[in-house]
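Engineer: Below is the structure I would like to discuss, written out as structure tokens.
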Amino acid sequence: MMKHSLSLAALSLAAVLTLSACGTDDGSTAGTGTGSTDTSSSAAAAPATSGPGGASPSGDATASTRSDPAADEHNAADVMFAQMMLPHHEQAVEMSELMLGKDGVSPEIADLASRIKAAQSPEIETMKSWLETWDSPMGGEDGHGMGGMMSEDEMADLESADGPEASRIFLESMTAHHEGAIDMARTEIDNGEYPDTLAMAETIVETQQAEIEEMKGFRADL
């Protein structure tokens, strides 16, 4: 009877130990997870970025563009210079074209006329662009206040003259024309402000004074 009781007790203990072992395995498996990460917390903590490099999209893209310096850095003297020199140059080019279309003109005088046209034609376009940028009228077409300008009758005489006579008229008239341009350029140098008009004025003084000396030599040879 006692042996039977001991056998039952041993079986009961073995069953308890087995169940305890299973319970420990289940508990350890369920409890794993202490190393897990809370991805939702990380995402919430991440700083928002509004553009490449974290820069605001409005940044430099909406910065106002700088205005044209020609519209800002000029004064009344610059405007007057362009308004007066423009038609002055246009007449010099017209005089030169008349000479280039004539027979009996010396190669030296023809070369001078060609150089005057080549130098002053692009300056005409430059002055037009300045006046347009400054929202100023071209002005000065009547020749008032522009030294050395030929009258309509004088231009007609140059147009109708033959080679030698046309050469004399051209040299005398262009000398006076250049002197008037130099006077206007010096006024600009004294009173102007815009760097490009000042540079053009200095070029006019230098080149046209040299051409005056050249024309004096041509006139002595006629």
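By convention here, the chains of the structure tokens are called A, B, ... in the order presented, each chain's residues are numbered starting at 1, and ligands are numbered starting at 1 in the order presented.
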Env of Ile182 in chain A: 9 Å cut, atoms = only C-alpha atoms, seq-sep filter 3 positions within chain, self excluded. Answer as JSON, numbers by chain.
Structural biologist: {"A": [177, 178, 179, 185, 186, 187, 201, 202, 204, 205, 206, 208, 209]}
Engineer: Neighbouring residues of Ala76 in chain A were defined as those with any atom within 8 Å, considering only C-alpha atoms; residues of the same chain fewer than 3 positions away were excluded. Please report them as a list in words.
Structural biologist: Val79, Met80 and Gly192 of chain A
Engineer: For the selection you just gave me, I'd like the residues written to a file as an mmCIF file, in the first residue's frame, keeping N, CA and C atoms.
Structural biologist:
```cif
data_model
loop_
_atom_site.group_PDB
_atom_site.id
_atom_site.type_symbol
_atom_site.label_atom_id
_atom_site.label_comp_id
_atom_site.auth_asym_id
_atom_site.auth_seq_id
_atom_site.Cartn_x
_atom_site.Cartn_y
_atom_site.Cartn_z
ATOM 1 N N VAL A 79 21.512 112.695 -70.062
ATOM 2 C CA VAL A 79 20.385 112.676 -70.993
ATOM 3 C C VAL A 79 20.586 113.712 -72.088
ATOM 4 N N MET A 80 20.979 114.925 -71.707
ATOM 5 C CA MET A 80 21.199 115.983 -72.687
ATOM 6 C C MET A 80 22.307 115.618 -73.668
ATOM 7 N N GLY A 192 28.516 115.160 -66.346
ATOM 8 C CA GLY A 192 27.809 113.884 -66.403
ATOM 9 C C GLY A 192 28.105 112.996 -65.203
#
```
Engineer: Using DSSP assignments from the backbone, pull out every residue in range 107-221 of chain A that falls under alpha helix (DSSP H) and give it to me as a PDB file with C-alpha atoms, in the first residue's frame.
Structural biologist:
```
ATOM      1  CA  PRO A 107      41.580 107.438-101.167  1.00  0.00           C
ATOM      2  CA  GLU A 108      42.710 109.219 -97.986  1.00  0.00           C
ATOM      3  CA  ILE A 109      39.504 111.252 -97.703  1.00  0.00           C
ATOM      4  CA  ALA A 110      37.380 108.243 -98.604  1.00  0.00           C
ATOM      5  CA  ASP A 111      39.156 106.272 -95.872  1.00  0.00           C
ATOM      6  CA  LEU A 112      38.480 109.052 -93.355  1.00  0.00           C
ATOM      7  CA  ALA A 113      34.782 109.099 -94.295  1.00  0.00           C
ATOM      8  CA  SER A 114      34.657 105.315 -93.917  1.00  0.00           C
ATOM      9  CA  ARG A 115      36.254 105.446 -90.454  1.00  0.00           C
ATOM     10  CA  ILE A 116      33.890 108.182 -89.260  1.00  0.00           C
ATOM     11  CA  LYS A 117      30.890 106.131 -90.362  1.00  0.00           C
ATOM     12  CA  ALA A 118      32.259 102.950 -88.769  1.00  0.00           C
ATOM     13  CA  ALA A 119      32.947 104.684 -85.437  1.00  0.00           C
ATOM     14  CA  GLN A 120      29.767 106.717 -85.095  1.00  0.00           C
ATOM     15  CA  SER A 121      27.122 104.281 -86.396  1.00  0.00           C
ATOM     16  CA  PRO A 122      27.357 101.916 -83.386  1.00  0.00           C
ATOM     17  CA  GLU A 123      27.502 104.899 -81.025  1.00  0.00           C
ATOM     18  CA  ILE A 124      24.178 106.064 -82.487  1.00  0.00           C
ATOM     19  CA  GLU A 125      22.567 102.746 -81.548  1.00  0.00           C
ATOM     20  CA  THR A 126      24.093 102.901 -78.071  1.00  0.00           C
ATOM     21  CA  MET A 127      22.715 106.377 -77.426  1.00  0.00           C
ATOM     22  CA  LYS A 128      19.276 105.316 -78.629  1.00  0.00           C
ATOM     23  CA  SER A 129      19.311 102.438 -76.145  1.00  0.00           C
ATOM     24  CA  TRP A 130      20.277 104.789 -73.306  1.00  0.00           C
ATOM     25  CA  LEU A 131      17.440 107.185 -74.057  1.00  0.00           C
ATOM     26  CA  GLU A 132      14.990 104.307 -74.307  1.00  0.00           C
ATOM     27  CA  THR A 133      16.163 102.917 -70.959  1.00  0.00           C
ATOM     28  CA  GLU A 152      19.826 121.737 -95.126  1.00  0.00           C
ATOM     29  CA  ASP A 153      21.214 124.039 -97.840  1.00  0.00           C
ATOM     30  CA  GLU A 154      24.795 123.140 -96.933  1.00  0.00           C
ATOM     31  CA  MET A 155      23.963 119.447 -97.047  1.00  0.00           C
ATOM     32  CA  ALA A 156      22.389 119.984-100.469  1.00  0.00           C
ATOM     33  CA  ASP A 157      25.584 121.694-101.656  1.00  0.00           C
ATOM     34  CA  LEU A 158      27.689 118.762-100.464  1.00  0.00           C
ATOM     35  CA  GLU A 159      25.372 116.305-102.185  1.00  0.00           C
ATOM     36  CA  SER A 160      25.502 118.117-105.541  1.00  0.00           C
ATOM     37  CA  GLY A 163      34.725 115.090-106.124  1.00  0.00           C
ATOM     38  CA  PRO A 164      37.271 117.899-105.551  1.00  0.00           C
ATOM     39  CA  GLU A 165      34.667 120.491-104.496  1.00  0.00           C
ATOM     40  CA  ALA A 166      32.861 117.967-102.349  1.00  0.00           C
ATOM     41  CA  SER A 167      36.157 117.125-100.678  1.00  0.00           C
ATOM     42  CA  ARG A 168      36.719 120.778 -99.783  1.00  0.00           C
ATOM     43  CA  ILE A 169      33.183 121.175 -98.389  1.00  0.00           C
ATOM     44  CA  PHE A 170      33.426 117.901 -96.504  1.00  0.00           C
ATOM     45  CA  LEU A 171      36.762 118.689 -94.845  1.00  0.00           C
ATOM     46  CA  GLU A 172      35.739 122.219 -93.826  1.00  0.00           C
ATOM     47  CA  SER A 173      32.318 121.155 -92.596  1.00  0.00           C
ATOM     48  CA  MET A 174      33.483 118.006 -90.814  1.00  0.00           C
ATOM     49  CA  THR A 175      36.208 119.948 -89.017  1.00  0.00           C
ATOM     50  CA  ALA A 176      33.587 122.351 -87.620  1.00  0.00           C
ATOM     51  CA  HIS A 177      31.316 119.364 -86.941  1.00  0.00           C
ATOM     52  CA  HIS A 178      34.011 117.609 -84.910  1.00  0.00           C
ATOM     53  CA  GLU A 179      34.774 120.792 -82.966  1.00  0.00           C
ATOM     54  CA  GLY A 180      31.105 121.030 -81.977  1.00  0.00           C
ATOM     55  CA  ALA A 181      31.089 117.385 -80.892  1.00  0.00           C
ATOM     56  CA  ILE A 182      34.199 117.908 -78.769  1.00  0.00           C
ATOM     57  CA  ASP A 183      32.575 120.884 -77.017  1.00  0.00           C
ATOM     58  CA  MET A 184      29.503 118.778 -76.163  1.00  0.00           C
ATOM     59  CA  ALA A 185      31.687 115.887 -75.019  1.00  0.00           C
ATOM     60  CA  ARG A 186      33.693 118.128 -72.679  1.00  0.00           C
ATOM     61  CA  THR A 187      30.472 119.453 -71.172  1.00  0.00           C
ATOM     62  CA  GLU A 188      29.439 115.855 -70.483  1.00  0.00           C
ATOM     63  CA  ILE A 189      32.818 115.071 -68.922  1.00  0.00           C
ATOM     64  CA  ASP A 190      32.445 118.068 -66.601  1.00  0.00           C
ATOM     65  CA  ASN A 191      28.827 117.472 -65.613  1.00  0.00           C
ATOM     66  CA  PRO A 195      30.044 105.888 -66.549  1.00  0.00           C
ATOM     67  CA  ASP A 196      29.229 104.803 -70.115  1.00  0.00           C
ATOM     68  CA  THR A 197      28.304 108.287 -71.349  1.00  0.00           C
ATOM     69  CA  LEU A 198      31.444 109.653 -69.744  1.00  0.00           C
ATOM     70  CA  ALA A 199      33.528 106.974 -71.476  1.00  0.00           C
ATOM     71  CA  MET A 200      31.940 107.783 -74.839  1.00  0.00           C
ATOM     72  CA  ALA A 201      32.557 111.502 -74.331  1.00  0.00           C
ATOM     73  CA  GLU A 202      36.228 110.867 -73.605  1.00  0.00           C
ATOM     74  CA  THR A 203      36.512 108.711 -76.734  1.00  0.00           C
ATOM     75  CA  ILE A 204      34.905 111.448 -78.848  1.00  0.00           C
ATOM     76  CA  VAL A 205      37.377 114.054 -77.587  1.00  0.00           C
ATOM     77  CA  GLU A 206      40.354 111.812 -78.281  1.00  0.00           C
ATOM     78  CA  THR A 207      39.401 110.415 -81.687  1.00  0.00           C
ATOM     79  CA  GLN A 208      37.793 113.492 -83.205  1.00  0.00           C
ATOM     80  CA  GLN A 209      40.629 115.808 -82.152  1.00  0.00           C
ATOM     81  CA  ALA A 210      43.023 113.460 -83.959  1.00  0.00           C
ATOM     82  CA  GLU A 211      40.775 113.509 -87.035  1.00  0.00           C
ATOM     83  CA  ILE A 212      40.698 117.318 -86.985  1.00  0.00           C
ATOM     84  CA  GLU A 213      44.494 117.344 -87.223  1.00  0.00           C
ATOM     85  CA  GLU A 214      44.297 114.798 -90.025  1.00  0.00           C
ATOM     86  CA  MET A 215      41.780 116.929 -91.957  1.00  0.00           C
ATOM     87  CA  LYS A 216      43.970 120.013 -91.601  1.00  0.00           C
ATOM     88  CA  GLY A 217      46.669 118.155 -93.494  1.00  0.00           C
ATOM     89  CA  PHE A 218      44.220 117.075 -96.217  1.00  0.00           C
ATOM     90  CA  ARG A 219      42.958 120.631 -96.646  1.00  0.00           C
ATOM     91  CA  ALA A 220      46.501 121.916 -97.096  1.00  0.00           C
ATOM     92  CA  ASP A 221      46.972 119.469 -99.980  1.00  0.00           C
TER      93      ASP A 221
END
```
Engineer: What is the distance between CA of Met138 in chain A and CA of Gln83 in chain A, in Å to one decimal?
Structural biologist: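 It comes out at 5.4 Å.
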Engineer: What's the separation between CA of Leu222 in chain A and CA of Asp103 in chain A, in Å to one decimal place?
Structural biologist: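 CA of Asp103 in chain A lies at a distance of 15.8 Å from CA of Leu222 in chain A.
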Engineer: Between CA of Met99 in chain A and CA of Leu86 in chain A, what is the distance, to one decimal in Å?
Structural biologist: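 About the pair CA of Met99 in chain A and CA of Leu86 in chain A: they are 20.4 Å apart.
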